[in-house]
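Q: Questions regarding the structure given below will be posed in turn.
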Amino acid sequence: MNKNQRIFYLDFIRVIAILLVIFIHVSAIDTTLNVGSGQWQITKILNYFAHISVPVFFMISGSLLLNSKKTTSLSYTWKQRIPRVAIPFILWSIISPIVVGIYAHSLSMHNILTAVKTMLYQPTSPTLWFMYPLIGIYILSPVIKTFVQSATTEMLVYVTGIWLVTCSLLPSIAVMLPKNIGQLLQLSPIANFFLIGGFTGYFILGYLLTKIKVENINNWLLLAVFLIFGIAGNFTSEVFPKIFDANNGYYVTSIFIPIMSVAAFILLQKWGSRVKSNTTIGIFEFLSPLVFGVYLIHNLLILYVEPWFMANVPVHGLIATFLRYIVVLVLSILIIWILHLIPGLNYLLTGNSRKKK
């Protein structure tokens with residue numbers, strides 16, 4: 001696959017992933033309303049399917065960073081890459097409690113400082129949790145790159161296999177069994193399997209998928225795997241709610257999520273590689289640089305859009321969910337696009353810098 005194709009399919013996947021992230025957060029409240037109804041069931045399963053988005057983001061990062069020669073440079077990592085994610089994260093971590101304070105009519109310097117001073121171990125906005133493993137992986141990326149560039153495909157499969165079994169399969173089975181039996185499958189934290197666990201596994205997995213041939217994998221098979229494991233995972237999460245481990249953000253602990261994510265990533269990779277329309281390519285290439293900023297701002301917009309819709313728009317159910325979704329999506333893109341046009345502020349709040357052609 002040539003460079004242009006590869007770059008576009010990752011842009012394609014990245015944009016799809018942020019669309020799914022926004023849907024998760026917009027529809028979250030609807031998964032708690034009218035429980036048991038048909039519309040609730042549809043919303044809940046769509047919300048569950050959308051949970052492939054964050055694993056896919058980490059897989060994109062692995063595809064890009066672990067294939068880049070610059071990743072082994074500590075200087076480049078700390079001067080270029082980490083600031084591009086850390087600076088916007090810090091600034092939005094300050095902006096978030098200000099916006100929330102204005103919304104809740106509780107804005108004060110004390111409340112802002114209270115939120116910000118604990119920022120190292122607690123996000124000031126729930127959706128900013130993603131930045132902690134992301135920055136951690138960026139910091140570790142030179143070490144991981146040094147490993148993968150000398151590792152065989154067999155070794156990469158071995159590492160991701162250990163990750164999948166210890167951080168996903170065993171915990172998932174354990175919570176489905178009676179407590180006294182499930183404890184037999186719990187690994188001691190002293191074993192330190194978490195060193196290759198968490199989202200690091202997805203990071204390496206994204207790189208692995210660039211080293212194996214996926215073109216011959218049948219699309220219908222991939223779609224079937226995605227749907228079957230998605231439906232099974234959604235059902236299992238209702239029966240065994242503890243299958244979701246807050247420490248891993250339920251993107252690793254549930255065995256269904258990694259399997260769904262791999263199938264979806266390969267499908268999207270194949271579909272993105274086949275896009276020929278210049279209009280479609282142009283739309284995705286326009287949106288791709290805005291994705292990080294959209295992620296950082298969208299939850300603050302939900303904070304205002306959601307109650308306004310519920311108080312003023314006389315529609316309910318899936319129609320209301322998708323109306324709110326479209327409004328939040330359009331506003332997020334519009335605001336970040338405007339910021340994208342402002343030199344300096346663009347870099348500080350979105351991690352991007354406009355380059356003159």
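Following the order of the structure tokens, first chain is A, next is B, and so on, with residues numbered from 1 inside each chain and ligands from 1 in the order they appear.
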Residues within 8 Å of Phe292 of chain A, please, as a VMD selection string. Count only C-alpha atoms; anything in the same chain fewer than 4 positions from it doesn't count.

A: chain A and resid 296 350 to 351

Q: Can you pull out every residue within 10 Å of Ser125 of chain A, counting only C-alpha atoms, but drop anything in the same chain fewer than 4 positions away, and send it as number ranges by chain?

A: A: 92-97, 100, 115, 119, 129, 296, 299-300

Q: Near Asn346 of chain A, counting only C-alpha atoms, which residues have an atom at most 12 Å away, once you skip same-chain residues fewer than 2 positions from it, shown as a ChimeraX atom specification?

A: /A:84,87-88,91,289-290,292-293,335-344,348-355

Q: If you count only C-alpha atoms, which residues fall within 12 Å of segment 325-328 of chain A, apart from same-chain ones fewer than 5 positions away, as a PyMOL selection string?

A: chain A and resi 19-28+30+294-295+297-306+308-309+318-320+333-335

Q: May I have the selected residues written with C-alpha atoms, as a compact mmCIF listing (two decimals), in the first residue's frame?

A:
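Saved the output as out-v4.txt:
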```
# COMPACT_ATOMS: atom_id res chain seq x y z
CA LEU A 19 -18.17 10.19 15.30
CA LEU A 20 -18.62 7.10 17.47
CA VAL A 21 -17.09 8.76 20.55
CA ILE A 22 -19.56 11.63 20.33
CA PHE A 23 -22.45 9.20 19.93
CA ILE A 24 -21.39 7.34 23.09
CA HIS A 25 -21.53 10.51 25.16
CA VAL A 26 -24.65 11.98 23.57
CA SER A 27 -26.61 8.74 23.96
CA ALA A 28 -25.32 7.97 27.46
CA ASP A 30 -30.70 7.64 26.89
CA VAL A 294 -13.53 17.94 18.60
CA TYR A 295 -12.80 15.27 21.19
CA ILE A 297 -14.65 20.18 23.34
CA HIS A 298 -17.65 17.99 22.56
CA ASN A 299 -18.55 17.01 26.12
CA LEU A 300 -18.73 20.64 27.20
CA LEU A 301 -21.22 21.27 24.41
CA ILE A 302 -23.30 18.27 25.49
CA LEU A 303 -23.51 19.87 28.92
CA TYR A 304 -25.52 22.75 27.41
CA VAL A 305 -27.22 21.11 24.42
CA GLU A 306 -28.67 18.13 26.29
CA TRP A 308 -31.91 22.58 26.36
CA PHE A 309 -33.17 19.89 23.99
CA LEU A 318 -33.99 7.77 18.96
CA ILE A 319 -35.03 10.86 16.99
CA ALA A 320 -34.15 13.10 19.94
CA ILE A 333 -16.58 20.86 14.22
CA LEU A 334 -17.49 24.53 13.63
CA ILE A 335 -15.81 25.81 16.81
```

Q: Distance atom CA of Pro142 of chain A-atom CA of Tyr202 of chain A, one decimal place?

A: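 If I compute the distance from atom CA of Pro142 of chain A to atom CA of Tyr202 of chain A, I get 16.1 Å.
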
Q: Fewer than 3 positions away in the same chain doesn't count, so skip those; otherwise give me all residues within 12 Å of Leu10 of chain A, counting only C-alpha atoms, as number ranges by chain.

A: A: 3-7, 13-17, 56-64, 206, 210, 265-273, 281, 284-285, 288-289

Q: Taking the DSSP assignment computed from this structure's backbone, write out as a ChimeraX atom specification all residues of segment 86-316 of chain A that belong to helix (DSSP H, G or I).

A: /A:86-104,109-117,126-148,153-176,179-185,189-191,193-196,200-208,219-239,241-243,246-248,256-273,278-312
